[in-house]
Structures are given as C-alpha cells and as structure tokens.
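Visitor: Take this structure first; my questions come after.
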Amino acid sequence: VHPAFIASSSPVKRVLIIGGGEGGTLREVLKWKSVENVTMVDLDADVIAASRAYLTSYSDCSGFGTANCFEDPRVEVFTENFVTWDLKYTGSDVCARAKQRKQELYDIVLIDLVDVEELPEDKEWAEYLYTTNFFQRIACSLNAFGVLVANFGEAPEFYNSGTNMSMIPKEERETISTHYTKIKQIQTMSQIFRQSRVYDVYMDSSASQMAFAIGIKPKMHWITSIKKALKDHG
C-alpha cells in the first residue's frame, strides 16, 4: 500500500481496492490523511463478514479513525467480481471516455486478490484478470499521475536457464511453472505503464515472501516523490 502513496506525485484522494476483503489493505489506505474516497470491490461478502467477526485486527482503524475500517464513511464496498463491476460502473469504453470522467478517475488502484494459482479455472472473469486488456482498463481508470500496485502472491524463485528440469521433483516443477506464469503477468503489466518496478515483502500473515509490482503512469523522481508524500501525510 504505502509504496503506491509514496510513488504518487500528487496527494492521493481516490483509491480503488480490488479484493482485499480481509480489511488489511483498507486499513493501511485509511492511515493516509489525504484520502477522501475508497471503493472496494471484493467477490466474497462472507470473507468480509468472517474477517470482521474473527480477524478484527485486520480492519481495526480505532487508532486513527472509526472502530472498524469498513464503517468509515469514506468507504464504499461492492461484493461482486471485479470484471462485472468494472463493466457496470465504468462501461466498455472506459479508455475513450477517460477525459470526460476526470472526476471519477482514481489516484491509486490496489489489486489484492487471491494468489494467481488459486483463481478458478472455469470462470471467464478469472481468465480476464492480469491480461493486457485488464491492465489497460486499469490504466485508463487512473488519473494522469496514477499508480497501480498488484499483489502477485508468493514471490517467484528464479532458476538458472541450464537447470535440468527432469531432475527436479514433479511438485517443484509445477511450482516453477506457476512462477513463470506470474513473471509473464508482471511483464504484461509493465508494458502498459511508463514506469514499473517489482519488489517483495515478507508477510507474517502468510509466513512467506510476497511479490508485488508497481506501475506508474508518469515519469517521476523518486526522492522528490518520497519527500512530497511524507509532507502530504503530515
């Protein structure tokens, strides 16, 4: 979450969260004082309900806002798959209409879905995620200074090109195949944005190293952007 805010060259007011039903991403977004509106689109209402009931720390905003992050008046939650929601609320011509929709564009989009390997294989909407068209629509939903951060799940391991794959156990070969798929998806995302970076963070909640990719629409100077973000945050 926070790298996206730091990378933004203007104060972040409007944020779209795709997924993130457990509330942790929302909690971190609401820590930034500049935020005025957050839209969350998560497929499973039961996940949100279970998190609020049993994982209360994930959506606890009591130290800087409401007792529960989901109750913050700046937050609007939709429980449906993102592809359906996107077509319903932004239309099929999102890129063509971007200039006419300036007030509806987002400063930051955060993708916090299940790991790529856990997406259902028999759902059309799942096949659309992480494609060129998907990332292009996201880019068109961002303003001129917009930033996208996507969670790609467990960080890929890199193997030497000379590795004899037949000598690697079957289960590990399947993992390698999944990791290469993630790398291709990250490369697809990087083709849409003017600047892109990949980073990984150890997450206590999953006890693993998680991979993230950040896409930035304009060119920017990192040091200047960091100083400005910290100033905006107060």
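Labeling convention for the structure tokens: chains A, B, ... as they appear, residues from 1 per chain, ligands from 1 in order of appearance.
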Within 12 Å of Tyr202 of chain A, counting only C-alpha atoms, which residues qualify if same-chain residues fewer than 4 places away don't, as a ChimeraX atom specification?
Guide: /A:153-155,206-212
Visitor: Would you mind exporting C-alpha atoms of the selected residues as a PDB file, in the first residue's frame?
Guide:
ATOM      1  CA  GLY A 153       1.207 -13.839  -4.335  1.00  0.00           C
ATOM      2  CA  GLU A 154       4.232 -15.839  -3.266  1.00  0.00           C
ATOM      3  CA  ALA A 155       7.405 -14.407  -4.777  1.00  0.00           C
ATOM      4  CA  SER A 206       1.252 -15.838   5.156  1.00  0.00           C
ATOM      5  CA  ALA A 207       4.734 -16.645   6.532  1.00  0.00           C
ATOM      6  CA  SER A 208       6.198 -16.181   3.057  1.00  0.00           C
ATOM      7  CA  GLN A 209       7.862 -13.710   0.751  1.00  0.00           C
ATOM      8  CA  MET A 210       5.197 -11.994  -1.360  1.00  0.00           C
ATOM      9  CA  ALA A 211       5.732 -10.412  -4.775  1.00  0.00           C
ATOM     10  CA  PHE A 212       4.348  -7.009  -5.738  1.00  0.00           C
TER      11      PHE A 212
END
Visitor: Using only C-alpha atoms, determine which residues lie at most 10 Å from Thr90 of chain A, disregarding the query and same-chain residues fewer than 6 positions distant; provide the list as a list in words.
Guide: Arg97, Ala98, Arg101, Glu104, Leu105, Arg137 and Ser141 of chain A
Visitor: Quick check for you: according to DSSP on this backbone, which residues of segment 45-158 of chain A are classed as strand (DSSP E or B)? Reply as a PyMOL selection string.
Guide: chain A and resi 60+68+75-78+106-112+142-154
Visitor: A:Lys33, A:Arg27, A:Lys88, A:Lys217: which is nearest Phe135 of chain A, counting only C-alpha atoms?
Guide: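 Closest candidate: A:Lys217.
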Visitor: Which of these, A:Ala139, A:Ala53, A:Val12, A:Ile111, has the shortest distance to Val35 of chain A once you count only C-alpha atoms?
Guide: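 Residue with the minimum atom-to-atom distance to Val35 of chain A: A:Val12.
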Visitor: Between A:Leu87, A:Ile6, A:Ala150, A:Val75, single out the one closest to Asn37 of chain A, counting only C-alpha atoms.
Guide: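 Of the candidates, the smallest distance to Asn37 of chain A is held by A:Val75.
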Visitor: Identify, on the basis of only C-alpha atoms, every residue whose closest approach to segment 60-74 of chain A does not exceed 9 Å; exclude the query and any residue fewer than 6 positions from it along the same chain; express the result as a list of chain:residue names.
Guide: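 Contacts, in chain order: A:Gly23, A:Gly24, A:Leu26, A:Arg27, A:Glu28, A:Leu30, A:Lys31, A:Val35, A:Glu36, A:Asn37, A:Val38, A:Thr39, A:Arg52.
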Visitor: With a distance cut-off of 9 Å and only C-alpha atoms, select the neighbouring residues of Val147 of chain A, excluding the residue or stretch itself and same-chain residues fewer than 2 positions from it, and output the selection as a list in words.
Guide: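 Counting only C-alpha atoms, the residues come to Ala4, Phe5, Ala7, Ser8, Tyr106, Asp107, Ile108, Val109, Leu110, Ala139, Leu142, Asn143, Phe145, Val149, Phe193, Ile214, Gly215, Ile216, Lys217 and Pro218 of chain A.
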Visitor: Give me a file of those residues, with N, CA and C atoms, as a CSV table (one decimal), in the first residue's frame.
Guide:
chain,number,residue,atom,x,y,z
A,4,ALA,N,2.8,2.7,-3.1
A,4,ALA,CA,1.9,3.4,-4.0
A,4,ALA,C,1.7,4.9,-3.7
A,5,PHE,N,1.5,5.1,-2.4
A,5,PHE,CA,1.3,6.5,-2.0
A,5,PHE,C,2.5,7.3,-2.1
A,7,ALA,N,4.9,6.8,-4.3
A,7,ALA,CA,5.2,7.0,-5.7
A,7,ALA,C,4.2,8.0,-6.4
A,8,SER,N,3.1,8.3,-5.8
A,8,SER,CA,2.2,9.3,-6.4
A,8,SER,C,2.8,10.7,-6.3
A,106,TYR,N,-9.2,7.4,-10.5
A,106,TYR,CA,-8.6,7.1,-9.3
A,106,TYR,C,-7.1,7.6,-9.2
A,107,ASP,N,-6.7,7.9,-8.1
A,107,ASP,CA,-5.2,8.2,-7.9
A,107,ASP,C,-4.4,7.0,-7.7
A,108,ILE,N,-5.0,6.0,-7.1
A,108,ILE,CA,-4.3,4.7,-6.9
A,108,ILE,C,-5.3,3.6,-7.0
A,109,VAL,N,-4.8,2.5,-7.7
A,109,VAL,CA,-5.5,1.2,-7.7
A,109,VAL,C,-4.7,0.1,-7.1
A,110,LEU,N,-5.2,-0.6,-6.1
A,110,LEU,CA,-4.5,-1.7,-5.4
A,110,LEU,C,-5.2,-3.0,-5.7
A,139,ALA,N,-5.3,1.2,-16.2
A,139,ALA,CA,-4.6,2.4,-16.5
A,139,ALA,C,-5.5,3.5,-16.9
A,142,LEU,N,-7.1,5.3,-14.1
A,142,LEU,CA,-6.3,6.2,-13.2
A,142,LEU,C,-6.1,7.6,-13.8
A,143,ASN,N,-5.9,8.5,-13.0
A,143,ASN,CA,-5.6,9.9,-13.5
A,143,ASN,C,-4.2,10.0,-14.1
A,145,PHE,N,-1.5,11.1,-13.0
A,145,PHE,CA,-0.4,10.8,-12.1
A,145,PHE,C,-0.7,9.5,-11.3
A,149,VAL,N,-0.6,-0.8,-7.9
A,149,VAL,CA,0.2,-1.8,-7.2
A,149,VAL,C,-0.6,-3.1,-7.2
A,193,PHE,N,2.4,0.5,-18.4
A,193,PHE,CA,2.8,1.7,-17.6
A,193,PHE,C,4.2,2.2,-17.9
A,214,ILE,N,4.6,-2.6,-9.1
A,214,ILE,CA,4.1,-1.2,-9.1
A,214,ILE,C,4.2,-0.6,-10.5
A,215,GLY,N,3.1,0.0,-11.0
A,215,GLY,CA,3.1,0.6,-12.3
A,215,GLY,C,2.8,2.1,-12.1
A,216,ILE,N,3.5,3.0,-12.7
A,216,ILE,CA,3.4,4.4,-12.6
A,216,ILE,C,3.1,5.0,-14.0
A,217,LYS,N,2.1,5.8,-14.1
A,217,LYS,CA,1.8,6.4,-15.4
A,217,LYS,C,2.8,7.5,-15.9
A,218,PRO,N,3.1,8.5,-15.0
A,218,PRO,CA,4.1,9.5,-15.5
A,218,PRO,C,5.5,9.1,-15.1
Visitor: For Asp93 of chain A, which of A:Ser57, A:Asn133, A:Ser10, A:Thr181 is the closest residue, counting only C-alpha atoms?
Guide: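 Once distances to Asp93 of chain A are computed over only C-alpha atoms, the minimum belongs to A:Asn133.
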Visitor: From the options A:Asn151, A:Trp125, A:Met40, A:Val116, which residue's atoms come nearest to Tyr180 of chain A, counting only C-alpha atoms?
Guide: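 Under the stated criterion, the closest residue is A:Val116.
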Visitor: Between atom CA of Cys140 of chain A and atom CA of Arg14 of chain A, what distance in Å does the model show, to one decimal?
Guide: 14.4 Å
Visitor: Nearest to Asn81 of chain A: which of A:Cys95, A:Leu148, A:Leu113, A:Ile48 is it, counting only C-alpha atoms?
Guide: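 When distances to Asn81 of chain A are compared using only C-alpha atoms, the smallest one comes from A:Leu113.
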Visitor: Just asking: which residues within segment 68-189 of chain A are alpha helix (DSSP H) according to DSSP, as a VMD selection string?
Guide: chain A and resid 82 to 90 124 to 128 132 to 140 170 to 189
Visitor: Please identify all polymer residues within 12 Å of Leu119 of chain A, counting only C-alpha atoms, omitting same-chain residues fewer than 4 positions from it, and present them as a VMD selection string.
Guide: chain A and resid 43 81 113 to 115 123 to 130 152 to 153 178
